[in-house]
Amino acid sequence: MSSTTEYEAVIGLETHVQLRTRSKMWCGCANEFGAPPNTNVCPVCLGLPGVLPVANEEALRLTVLAGLLLNCEIPARARFDRKNYFYPDMPKNYQITQYDQPSAVRGWVDFEFEGAIQRVRITRAHLEEDVGKSMHFAQTSGVDFNRAGVPLLEIVSEPDITSADMAYAYLNALKDILVFGGISDCDMEKGMVRCDVNVSVRPRGTSQLGAKIEIKNMNSFSGVRRALEYEIQRQVSVLKSGGQLVQSTRRWDDQTGVTEEMRTKEYAHDYRYFPDPDLMAFVPSEQWVNDVRKCVVELPLARKQRFMRDYKLPAGDAQVFVDDVPLGDYFELVARHTPNPKGAANWVINNMRALMVQTGKALKDIRFKPEAIGELVALVDQGKISSKSAQEVFAEMFLTGESPSAIVDRKGLVQVSDTAAVEAFCDQAIAANPGPVADFKAGKAAALNFLKGQVMKLSRGRANPALVGEILEKKLKG
Ligand SMILES: [Zn+2]
């Protein structure tokens with residue numbers, strides 16, 4: 001690991017995300033995963049001659065929304081260009097993309113990493129189209145064009161990332177934002193997110209960038225992390241042994257865990273970009289952009305910070321309400337009805353969630369009202385019922401929807417805090433357990449807990465535990 005103290009990595013990521021639209025980018029074919037090969041195709045996405053693309057407005061809207069969620073500026077004018085290259089799964093021999101006039105520029109993503117908030121700047125986010133998928137069989141190869149023309153958002157980061165772990169944290173934060181905002185389902189299993197990585201290393205403390213190595217087309221975040229760990233070590237050992245690195249593109253092999261060279265790097269001019277003559281520039285009105293702006297949701301990190309600040313919740317609880325947004329929204333309804341939101345969060349997270357899993361119930365099936373949890377918290381906080389009884393009350397209200405006070409009354413669960421009554425239970429326990437009493441008097445402090453337990457049992461869990469401890473000790477020491 002000494003290499004990582006002498007050298008530092010400089011990492012930028014290009015993340016491709018399929019947008020959540022019903023139809024493809026330039027035609028009406030379904031944007032749908034898993035259909036039989038070449039069933040969601042038409043002359044437009046097959047690249048047949050004489051057809052004209054028509055831009056999918058929902059894809060344009062999601063692109064601008066993603067830009068806003070990533071704190072980007074939205075340029076007044078964006079344009080589509082042709083990126084020319086040959087690939088068997090791309091029937092037009094060019095890909096429509098946004099080259100020098102993208103839909104979103106200069107933003108950032110904030111995320112938690114190693115106990116602090118990190119910021120990675122976003123260079124740009126642009127809209128393009130996905131390509132088909134080559135399939136290789138024993139004797140033949142085939143191409144499935146169902147994916148060709150699916151709207152694809154490419155999010156390019158600045159080289160602000162300094163380690164494989166940080167890249168992993170950034171990608172997860174980015175994914176959370178895009179899922180929160182309804183931009184993409186980001187289903188990795190279905191190939192909805194793919195990454196290209198640019199990574200170079202340089203002696204720590206220097207500012208000149210080393211030769212940039214690109215690793216193409218990775219489809220899992222853990223793969224990105226492993227590829228970066230491998231590639232950083234590889235580059236460092238080349239430099240340390242006096243070798244030279246050249247700008248190139250490599251492929252990550254997830255099976256063997258190594259990267260291998262594909263080609264030395266192509267440059268932008270190799271693609272002969274030019275404006276697509278079939279497509280108008282995209283010049284959204286201010287009103288249109290403002291309407292999109294109304295769909296900007298609270299981001300995961302902001303939500304977590306708000307829950308910690310406003311409800312005084314620990315980070316773990318707040319994270320639960322970020323990961324499960326409907327549960328968090330429900331908790332916010334509960335929190336309106338209690339001065340002790342942490343107490344309410346415990347019921348929602350520990351008891352309610354567990355019972356929902358056990359019974360297969362959804363939030364809409366919950367029979368009690370949110371304020372009932374506030375009422376239960378108050379009963380405990382005011383010492384009216386023991387926390388043990390509260391467990392019973394919760395299970396009952398989950399089952400019947402009855403209010404906590406009604407259950408407490410019906411089952412006679414009011415906590416006994418009357419000194420005389422508790423003393424009577426204590427006397428009974430002492431009389432019935434001479435052995436433990438003798439143990440305690442001989443100095444075995446643990447015997448007291450046993451006796452406390454006996455008192456709670458005698459009182460059917462209703463005796464005030466603090467009072468029980470107090471009275472027992474007084475009686476045994478006296
Ligand atoms: Zn089509």
# chains A, B, ... in the order shown; residues from 1 in each chain; ligands from 1

call {"tool": "residues_near_ligand", "arguments": {"ligand": "ligand 1", "cutoff": "7 Å", "atoms": "only C-alpha atoms and all ligand atoms", "output": "list in words"}}
result
Lys24, Cys27, Gly28, Cys29, Asn40, Val41, Cys42, Pro43, Val44, Cys45 and Leu46 of chain A

call {"tool": "residues_around", "arguments": {"residues": "Lys361 (chain A)", "least_positions_apart": "6", "cutoff": "12 Å", "atoms": "only C-alpha atoms", "output": "list in words"}}
result
Met352, Arg353, Ala354, Leu355, Arg367, Phe398 and Leu399 of chain A

call {"tool": "write_last_selection", "arguments": {"atoms": "C-alpha atoms", "output": "compact mmCIF listing (two decimals), in the first residue's frame"}}
result
# COMPACT_ATOMS: atom_id res chain seq x y z
CA MET A 352 -44.35 -1.15 12.56
CA ARG A 353 -41.91 -2.10 9.81
CA ALA A 354 -41.34 -5.56 11.33
CA LEU A 355 -45.07 -6.22 11.63
CA ARG A 367 -55.45 0.34 10.55
CA PHE A 398 -51.67 -2.90 14.62
CA LEU A 399 -54.13 -5.79 14.63

call {"tool": "residues_around", "arguments": {"residues": "region 188-191 of chain A", "least_positions_apart": "6", "cutoff": "8 Å", "atoms": "only C-alpha atoms", "output": "PyMOL selection string"}}
result
chain A and resi 33+219-220

call {"tool": "closest_residue", "arguments": {"among": "A:Asn84, A:Ser387, A:Asn146, A:Ser237", "to": "Asn31 (chain A)", "atoms": "only C-alpha atoms"}}
result
A:Asn146

call {"tool": "residues_around", "arguments": {"residues": "Ala421 (chain A)", "least_positions_apart": "6", "cutoff": "12 Å", "atoms": "only C-alpha atoms", "output": "ChimeraX atom specification"}}
result
/A:415,427-428,455,458-459,462-464,467-468,471

call {"tool": "write_last_selection", "arguments": {"atoms": "N, CA and C atoms", "output": "mmCIF file, in the first residue's frame"}}
result
data_model
loop_
_atom_site.group_PDB
_atom_site.id
_atom_site.type_symbol
_atom_site.label_atom_id
_atom_site.label_comp_id
_atom_site.auth_asym_id
_atom_site.auth_seq_id
_atom_site.Cartn_x
_atom_site.Cartn_y
_atom_site.Cartn_z
ATOM 1 N N GLN A 415 -49.826 1.495 34.319
ATOM 2 C CA GLN A 415 -48.664 1.170 35.145
ATOM 3 C C GLN A 415 -48.952 1.454 36.616
ATOM 4 N N ASP A 427 -42.940 -7.362 48.642
ATOM 5 C CA ASP A 427 -42.974 -8.226 49.825
ATOM 6 C C ASP A 427 -43.238 -9.669 49.416
ATOM 7 N N GLN A 428 -44.189 -9.804 48.480
ATOM 8 C CA GLN A 428 -44.555 -11.132 47.997
ATOM 9 C C GLN A 428 -43.342 -11.828 47.363
ATOM 10 N N VAL A 455 -41.007 -9.486 40.613
ATOM 11 C CA VAL A 455 -42.024 -8.457 40.915
ATOM 12 C C VAL A 455 -42.804 -8.100 39.654
ATOM 13 N N LEU A 458 -45.214 -10.821 38.923
ATOM 14 C CA LEU A 458 -46.367 -10.787 39.837
ATOM 15 C C LEU A 458 -47.345 -9.674 39.458
ATOM 16 N N SER A 459 -46.796 -8.562 38.975
ATOM 17 C CA SER A 459 -47.662 -7.420 38.627
ATOM 18 C C SER A 459 -48.136 -7.500 37.178
ATOM 19 N N ARG A 462 -46.968 -4.620 34.997
ATOM 20 C CA ARG A 462 -47.519 -3.279 35.153
ATOM 21 C C ARG A 462 -46.787 -2.417 36.193
ATOM 22 N N ALA A 463 -46.010 -3.055 37.080
ATOM 23 C CA ALA A 463 -45.330 -2.256 38.101
ATOM 24 C C ALA A 463 -44.307 -1.329 37.467
ATOM 25 N N ASN A 464 -44.236 -0.119 37.978
ATOM 26 C CA ASN A 464 -43.265 0.850 37.476
ATOM 27 C C ASN A 464 -41.850 0.344 37.815
ATOM 28 N N LEU A 467 -39.561 2.252 40.216
ATOM 29 C CA LEU A 467 -40.056 2.215 41.591
ATOM 30 C C LEU A 467 -39.782 0.849 42.223
ATOM 31 N N VAL A 468 -39.919 -0.203 41.443
ATOM 32 C CA VAL A 468 -39.657 -1.560 41.926
ATOM 33 C C VAL A 468 -38.216 -1.664 42.413
ATOM 34 N N ILE A 471 -37.710 0.321 45.718
ATOM 35 C CA ILE A 471 -38.332 -0.280 46.918
ATOM 36 C C ILE A 471 -37.618 -1.566 47.316
#

call {"tool": "closest_residue", "arguments": {"among": "A:Glu470, A:Asp144, A:Glu6, A:Asp317", "to": "Pro88 (chain A)", "atoms": "only C-alpha atoms"}}
result
A:Asp144

call {"tool": "decode", "arguments": {"residues": "region 35-101 of chain A", "atoms": "C-alpha atoms", "output": "short mmCIF file (atom, residue, chain, number, x, y, z; two decimals), in the first residue's frame"}}
result
data_model
loop_
_atom_site.label_atom_id
_atom_site.label_comp_id
_atom_site.auth_asym_id
_atom_site.auth_seq_id
_atom_site.Cartn_x
_atom_site.Cartn_y
_atom_site.Cartn_z
CA ALA A 35 -39.03 -8.29 -25.10
CA PRO A 36 -38.16 -11.00 -27.67
CA PRO A 37 -35.26 -9.84 -29.92
CA ASN A 38 -36.14 -7.33 -32.64
CA THR A 39 -39.80 -6.94 -31.71
CA ASN A 40 -39.59 -3.30 -30.56
CA VAL A 41 -38.20 -1.98 -33.82
CA CYS A 42 -39.28 0.17 -36.77
CA PRO A 43 -37.62 1.76 -39.82
CA VAL A 44 -36.44 4.71 -37.69
CA CYS A 45 -34.56 2.76 -35.01
CA LEU A 46 -33.36 0.23 -37.59
CA GLY A 47 -31.73 3.10 -39.46
CA LEU A 48 -33.46 2.42 -42.76
CA PRO A 49 -33.03 5.07 -45.47
CA GLY A 50 -35.55 7.83 -45.91
CA VAL A 51 -36.85 8.05 -42.35
CA LEU A 52 -36.88 11.08 -40.09
CA PRO A 53 -36.33 11.15 -36.33
CA VAL A 54 -38.79 13.00 -34.08
CA ALA A 55 -37.46 13.94 -30.63
CA ASN A 56 -39.22 12.42 -27.62
CA GLU A 57 -40.35 15.39 -25.50
CA GLU A 58 -40.46 13.35 -22.30
CA ALA A 59 -36.79 12.42 -22.79
CA LEU A 60 -35.94 16.11 -23.24
CA ARG A 61 -37.89 16.92 -20.08
CA LEU A 62 -36.16 14.19 -18.04
CA THR A 63 -32.77 15.37 -19.30
CA VAL A 64 -33.40 18.93 -18.16
CA LEU A 65 -34.86 17.67 -14.86
CA ALA A 66 -31.76 15.53 -14.30
CA GLY A 67 -29.63 18.60 -15.03
CA LEU A 68 -31.54 20.59 -12.41
CA LEU A 69 -31.23 17.77 -9.85
CA LEU A 70 -27.48 17.78 -10.50
CA ASN A 71 -27.32 21.56 -9.88
CA CYS A 72 -26.51 22.23 -13.55
CA GLU A 73 -27.10 25.31 -15.64
CA ILE A 74 -29.59 24.71 -18.43
CA PRO A 75 -28.32 26.41 -21.62
CA ALA A 76 -30.90 28.32 -23.64
CA ARG A 77 -30.06 26.22 -26.67
CA ALA A 78 -29.03 22.60 -27.09
CA ARG A 79 -28.34 20.73 -30.30
CA PHE A 80 -28.07 17.20 -31.62
CA ASP A 81 -25.03 15.99 -33.53
CA ARG A 82 -24.02 12.88 -35.36
CA LYS A 83 -21.11 10.94 -33.93
CA ASN A 84 -19.79 8.87 -36.81
CA TYR A 85 -18.33 5.45 -36.29
CA PHE A 86 -19.04 1.91 -37.41
CA TYR A 87 -20.28 -0.70 -35.03
CA PRO A 88 -22.39 -3.76 -35.89
CA ASP A 89 -25.04 -2.92 -33.29
CA MET A 90 -25.53 0.62 -34.61
CA PRO A 91 -27.40 0.43 -37.93
CA LYS A 92 -27.12 4.11 -38.94
CA ASN A 93 -23.30 4.07 -38.55
CA TYR A 94 -23.68 7.19 -36.48
CA GLN A 95 -25.04 7.85 -33.04
CA ILE A 96 -27.18 10.92 -32.40
CA THR A 97 -25.79 12.76 -29.38
CA GLN A 98 -25.21 16.28 -28.08
CA TYR A 99 -21.64 17.34 -28.79
CA ASP A 100 -20.75 20.97 -28.11
CA GLN A 101 -24.22 22.17 -27.07
#
